[in-house]
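*Asks:* The structure is given below, and queries will be raised subsequently.
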Amino acid sequence: MFTGIIEELGEVVSIEEIGDSSRIRLRGPVVCSGAKHGDSIAVNGVCLTVVDSPEELAAGSGEFSADVMAETLHRSSLGALRPGSRVNLERAMALGARLGGHLVQGHVDATGELLSRAPGDLDADGTPRWEVLRFSLPQSITRYLVEKGSITVDGVSLTVVDAALDSFSVSLIPATLELTTLGAKSVGDPVNLEVDVLAKYVERLLDTRTLPDHLAKDAS
């Protein structure tokens, strides 16, 4: 489980294709600090597992490797990564730590793309105080978004400003623009989207088709 608060901007070092899957090596000194074989690290919002041996991690290179299955490459934007690509990195949250964002699983629900970006109010020197970004929204997850609700974009926990049927917008402060990949995104770039898991659980609980027969009869 993650929080959507990015710990550092990492970089893809290399990508090795292994059949229909890939092994990605990434540089991220912060998330590698104290990392162990089998630990979970979110890469652009995708939960990946550290596969390096204890000896490799002890070498202190600040790099780690993760295997990415064909299903993950197909359902996320990780297949578009290349050596040198910048990525958002976050270690799994520690039990009892502050939850700065919202509960994020690292399981991508769909991909979207950046449709537009526009500056908000300007400081006296002309520097934007924030930017408004709009992303496309696949129909399969439209029902999970609500105004002022949470969504994860490339691993970043964000608040929805407005949710249309086929798009949504978010406002990003300078710190988010500087410390995540969202600051350098261009119109047309793909992003990984994960909706608030609580919305999906509520939908499941309210769907009488998933209830035991005796409860479904009472609900009808």
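Starting from 1 in every chain, residues are counted up; chains themselves are A, B, ... following the order of the structure tokens, and ligands are numbered from 1 as listed.
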How close does stretch 110-173 of chain A get to stretch 9-16 of chain A? List, as CSV, each residue of stretch 110-173 of chain A within 12 Å, its nearest atom pair and the distance in Å to one decimal, counting only C-alpha atoms.
*Replies:*
residue,atom,partner,partner_atom,distance
A:Asp154,CA,A:Leu9,CA,11.7
A:Gly155,CA,A:Leu9,CA,11.4
A:Val156,CA,A:Leu9,CA,11.6
*Asks:* Output the selection as an mmCIF file, in the first residue's frame - all heavy atoms for each residue.
*Replies:*
data_model
loop_
_atom_site.group_PDB
_atom_site.id
_atom_site.type_symbol
_atom_site.label_atom_id
_atom_site.label_comp_id
_atom_site.auth_asym_id
_atom_site.auth_seq_id
_atom_site.Cartn_x
_atom_site.Cartn_y
_atom_site.Cartn_z
ATOM 1 N N ASP A 154 -0.020 8.778 -12.357
ATOM 2 C CA ASP A 154 1.400 8.385 -12.365
ATOM 3 C C ASP A 154 1.958 8.290 -10.956
ATOM 4 O O ASP A 154 3.085 8.708 -10.676
ATOM 5 C CB ASP A 154 2.227 9.350 -13.210
ATOM 6 C CG ASP A 154 2.344 8.903 -14.661
ATOM 7 O OD1 ASP A 154 1.799 7.839 -15.000
ATOM 8 O OD2 ASP A 154 2.972 9.610 -15.460
ATOM 9 N N GLY A 155 1.139 7.768 -10.036
ATOM 10 C CA GLY A 155 1.592 7.557 -8.675
ATOM 11 C C GLY A 155 1.431 8.740 -7.756
ATOM 12 O O GLY A 155 1.741 8.653 -6.564
ATOM 13 N N VAL A 156 0.944 9.883 -8.274
ATOM 14 C CA VAL A 156 0.802 11.100 -7.474
ATOM 15 C C VAL A 156 -0.637 11.226 -6.980
ATOM 16 O O VAL A 156 -1.578 11.221 -7.782
ATOM 17 C CB VAL A 156 1.171 12.355 -8.298
ATOM 18 C CG1 VAL A 156 1.115 13.596 -7.416
ATOM 19 C CG2 VAL A 156 2.558 12.192 -8.920
#
*Asks:* Write out as a VMD selection string the residues lying within 12 Å of A:Ala118, counting only C-alpha atoms and excluding same-chain residues fewer than 4 positions away.
*Replies:* chain A and resid 114 122 128 to 134 169 to 172 183 186 to 187
*Asks:* Using DSSP assignments from the backbone, pull out every residue in stretch 19-204 of chain A that falls under strand (DSSP E) and give it to me as a VMD selection string.
*Replies:* chain A and resid 21 to 27 40 to 43 46 to 49 63 to 68 86 to 91 110 to 119 131 to 136 150 to 153 156 to 159 162 to 163 167 to 172 190 to 195
*Asks:* Within 10 Å of stretch 30-42 of chain A, counting only C-alpha atoms, which residues qualify if same-chain residues fewer than 4 places away don't, as a JSON list (two decimals) with N, CA and C atoms, in the first residue's frame?
*Replies:*
[["chain", "number", "residue", "atom", "x", "y", "z"],
["A", 1, "MET", "N", 0.85, -1.19, 0.00],
["A", 1, "MET", "CA", 0.00, 0.00, 0.00],
["A", 1, "MET", "C", 0.88, 1.24, 0.00],
["A", 2, "PHE", "N", 0.44, 2.27, -0.72],
["A", 2, "PHE", "CA", 1.20, 3.51, -0.84],
["A", 2, "PHE", "C", 0.30, 4.69, -0.47],
["A", 4, "GLY", "N", 0.74, 7.90, -2.35],
["A", 4, "GLY", "CA", 0.69, 8.83, -3.47],
["A", 4, "GLY", "C", 1.53, 10.07, -3.25],
["A", 6, "ILE", "N", 5.09, 11.28, -3.61],
["A", 6, "ILE", "CA", 6.32, 10.84, -4.28],
["A", 6, "ILE", "C", 7.54, 11.18, -3.45],
["A", 7, "GLU", "N", 8.44, 10.21, -3.30],
["A", 7, "GLU", "CA", 9.65, 10.41, -2.50],
["A", 7, "GLU", "C", 10.80, 10.99, -3.33],
["A", 8, "GLU", "N", 10.88, 10.60, -4.58],
["A", 8, "GLU", "CA", 11.94, 11.15, -5.42],
["A", 8, "GLU", "C", 11.65, 10.89, -6.89],
["A", 9, "LEU", "N", 12.28, 11.71, -7.72],
["A", 9, "LEU", "CA", 12.27, 11.49, -9.16],
["A", 9, "LEU", "C", 13.42, 10.56, -9.49],
["A", 10, "GLY", "N", 13.10, 9.39, -10.02],
["A", 10, "GLY", "CA", 14.13, 8.44, -10.40],
["A", 10, "GLY", "C", 14.35, 8.45, -11.90],
["A", 26, "LEU", "N", 16.34, 0.75, -12.38],
["A", 26, "LEU", "CA", 16.05, 2.16, -12.10],
["A", 26, "LEU", "C", 17.02, 2.72, -11.07],
["A", 46, "VAL", "N", 2.83, 2.22, -10.39],
["A", 46, "VAL", "CA", 2.71, 0.77, -10.56],
["A", 46, "VAL", "C", 3.54, 0.08, -9.48],
["A", 47, "CYS", "N", 2.92, -0.76, -8.69],
["A", 47, "CYS", "CA", 3.63, -1.48, -7.64],
["A", 47, "CYS", "C", 4.53, -2.56, -8.25],
["A", 48, "LEU", "N", 5.84, -2.41, -8.07],
["A", 48, "LEU", "CA", 6.81, -3.38, -8.57],
["A", 48, "LEU", "C", 7.61, -3.96, -7.42],
["A", 49, "THR", "N", 8.18, -5.13, -7.64],
["A", 49, "THR", "CA", 8.93, -5.84, -6.61],
["A", 49, "THR", "C", 10.42, -5.80, -6.89],
["A", 50, "VAL", "N", 11.20, -5.44, -5.88],
["A", 50, "VAL", "CA", 12.66, -5.43, -6.01],
["A", 50, "VAL", "C", 13.17, -6.86, -6.14],
["A", 51, "VAL", "N", 13.92, -7.14, -7.21],
["A", 51, "VAL", "CA", 14.40, -8.50, -7.45],
["A", 51, "VAL", "C", 15.90, -8.66, -7.21],
["A", 52, "ASP", "N", 16.61, -7.58, -6.88],
["A", 52, "ASP", "CA", 18.05, -7.66, -6.65],
["A", 52, "ASP", "C", 18.35, -8.55, -5.44],
["A", 53, "SER", "N", 19.49, -9.20, -5.47],
["A", 53, "SER", "CA", 19.92, -10.02, -4.34],
["A", 53, "SER", "C", 20.37, -9.11, -3.19],
["A", 54, "PRO", "N", 20.41, -9.63, -1.96],
["A", 54, "PRO", "CA", 20.90, -8.83, -0.83],
["A", 54, "PRO", "C", 22.30, -8.28, -1.08],
["A", 55, "GLU", "N", 23.14, -9.07, -1.74],
["A", 55, "GLU", "CA", 24.51, -8.63, -2.02],
["A", 55, "GLU", "C", 24.52, -7.44, -2.98],
["A", 56, "GLU", "N", 23.66, -7.50, -4.00],
["A", 56, "GLU", "CA", 23.59, -6.40, -4.97],
["A", 56, "GLU", "C", 23.10, -5.12, -4.31],
["A", 57, "LEU", "N", 22.09, -5.26, -3.45],
["A", 57, "LEU", "CA", 21.56, -4.09, -2.78],
["A", 57, "LEU", "C", 22.56, -3.51, -1.78],
["A", 58, "ALA", "N", 23.34, -4.39, -1.16],
["A", 58, "ALA", "CA", 24.33, -3.94, -0.18],
["A", 58, "ALA", "C", 25.47, -3.17, -0.83],
["A", 60, "GLY", "N", 25.26, -0.69, -2.59],
["A", 60, "GLY", "CA", 24.97, 0.74, -2.45],
["A", 60, "GLY", "C", 25.06, 1.54, -3.72],
["A", 61, "SER", "N", 24.63, 0.97, -4.85],
["A", 61, "SER", "CA", 24.70, 1.69, -6.12],
["A", 61, "SER", "C", 23.57, 2.71, -6.27],
["A", 62, "GLY", "N", 22.55, 2.60, -5.40],
["A", 62, "GLY", "CA", 21.40, 3.49, -5.54],
["A", 62, "GLY", "C", 20.48, 3.08, -6.67],
["A", 63, "GLU", "N", 20.63, 1.83, -7.14],
["A", 63, "GLU", "CA", 19.81, 1.32, -8.23],
["A", 63, "GLU", "C", 19.11, 0.04, -7.80],
["A", 64, "PHE", "N", 17.99, -0.26, -8.44],
["A", 64, "PHE", "CA", 17.29, -1.51, -8.19],
["A", 64, "PHE", "C", 16.65, -2.00, -9.48],
["A", 65, "SER", "N", 16.35, -3.29, -9.53],
["A", 65, "SER", "CA", 15.73, -3.89, -10.71],
["A", 65, "SER", "C", 14.36, -4.46, -10.34],
["A", 66, "ALA", "N", 13.46, -4.47, -11.32],
["A", 66, "ALA", "CA", 12.13, -5.02, -11.11],
["A", 66, "ALA", "C", 11.66, -5.67, -12.40],
["A", 87, "VAL", "N", 10.97, 8.94, -13.69],
["A", 87, "VAL", "CA", 9.83, 8.23, -13.11],
["A", 87, "VAL", "C", 9.61, 8.67, -11.67],
["A", 88, "ASN", "N", 8.34, 8.60, -11.24],
["A", 88, "ASN", "CA", 7.98, 8.88, -9.85],
["A", 88, "ASN", "C", 8.18, 7.62, -9.02],
["A", 89, "LEU", "N", 8.88, 7.76, -7.89],
["A", 89, "LEU", "CA", 9.18, 6.61, -7.05],
["A", 89, "LEU", "C", 8.65, 6.81, -5.64],
["A", 90, "GLU", "N", 8.07, 5.75, -5.08],
["A", 90, "GLU", "CA", 7.60, 5.78, -3.70],
["A", 90, "GLU", "C", 7.70, 4.39, -3.10],
["A", 91, "ARG", "N", 8.28, 4.29, -1.91],
["A", 91, "ARG", "CA", 8.31, 3.02, -1.19],
["A", 91, "ARG", "C", 6.95, 2.75, -0.55],
["A", 92, "ALA", "N", 6.67, 1.48, -0.29],
["A", 92, "ALA", "CA", 5.43, 1.12, 0.39],
["A", 92, "ALA", "C", 5.39, 1.81, 1.75],
["A", 93, "MET", "N", 4.20, 2.22, 2.17],
["A", 93, "MET", "CA", 4.06, 2.96, 3.42],
["A", 93, "MET", "C", 4.30, 2.04, 4.61],
["A", 104, "VAL", "N", -3.37, 4.19, -1.68],
["A", 104, "VAL", "CA", -3.06, 3.85, -3.07],
["A", 104, "VAL", "C", -2.52, 2.43, -3.11],
["A", 105, "GLN", "N", -3.07, 1.60, -4.00],
["A", 105, "GLN", "CA", -2.65, 0.20, -4.08],
["A", 105, "GLN", "C", -1.48, -0.03, -5.01],
["A", 106, "GLY", "N", -1.30, 0.86, -5.97],
["A", 106, "GLY", "CA", -0.27, 0.60, -6.97],
["A", 106, "GLY", "C", -0.77, -0.32, -8.06],
["A", 107, "HIS", "N", -2.11, -0.42, -8.20],
["A", 107, "HIS", "CA", -2.74, -1.24, -9.23],
["A", 107, "HIS", "C", -3.43, -0.30, -10.22],
["A", 154, "ASP", "N", -0.02, 8.78, -12.36],
["A", 154, "ASP", "CA", 1.40, 8.39, -12.36],
["A", 154, "ASP", "C", 1.96, 8.29, -10.96],
["A", 155, "GLY", "N", 1.14, 7.77, -10.04],
["A", 155, "GLY", "CA", 1.59, 7.56, -8.67],
["A", 155, "GLY", "C", 1.43, 8.74, -7.76]]
*Asks:* What does the distance between atom CA of A:Val153 and atom CA of A:Ser140 come to in Å, to one decimal place?
*Replies:*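 Between atom CA of A:Val153 and atom CA of A:Ser140 the gap is 16.0 Å.
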*Asks:* Quick one, how far is atom CA of A:Ile5 from atom CA of A:Leu182?
*Replies:*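 These two atoms are separated by 13.0 Å.
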*Asks:* Name the residues in contact with A:Pro138 at a cut-off of 9 Å, using only C-alpha atoms, excluding same-chain residues fewer than 3 positions from it; report them as a ChimeraX atom specification.
*Replies:* /A:110-112,141-142,165-167
*Asks:* How would the residues just picked look written out with C-alpha atoms as a PDB file, in the first residue's frame?
*Replies:*
ATOM      1  CA  ALA A 110      -6.589   2.551 -16.783  1.00  0.00           C
ATOM      2  CA  THR A 111      -4.353   4.890 -18.713  1.00  0.00           C
ATOM      3  CA  GLY A 112      -5.217   8.387 -19.872  1.00  0.00           C
ATOM      4  CA  ILE A 141     -13.657   4.452 -14.580  1.00  0.00           C
ATOM      5  CA  THR A 142     -15.776   7.591 -15.053  1.00  0.00           C
ATOM      6  CA  LEU A 165     -17.723  12.165 -18.553  1.00  0.00           C
ATOM      7  CA  ASP A 166     -14.510  11.805 -20.534  1.00  0.00           C
ATOM      8  CA  SER A 167     -11.955  13.944 -18.694  1.00  0.00           C
TER       9      SER A 167
END
*Asks:* Atom CA of A:Ser157 and atom CA of A:Val43, how far apart in Å?
*Replies:* 13.4 Å
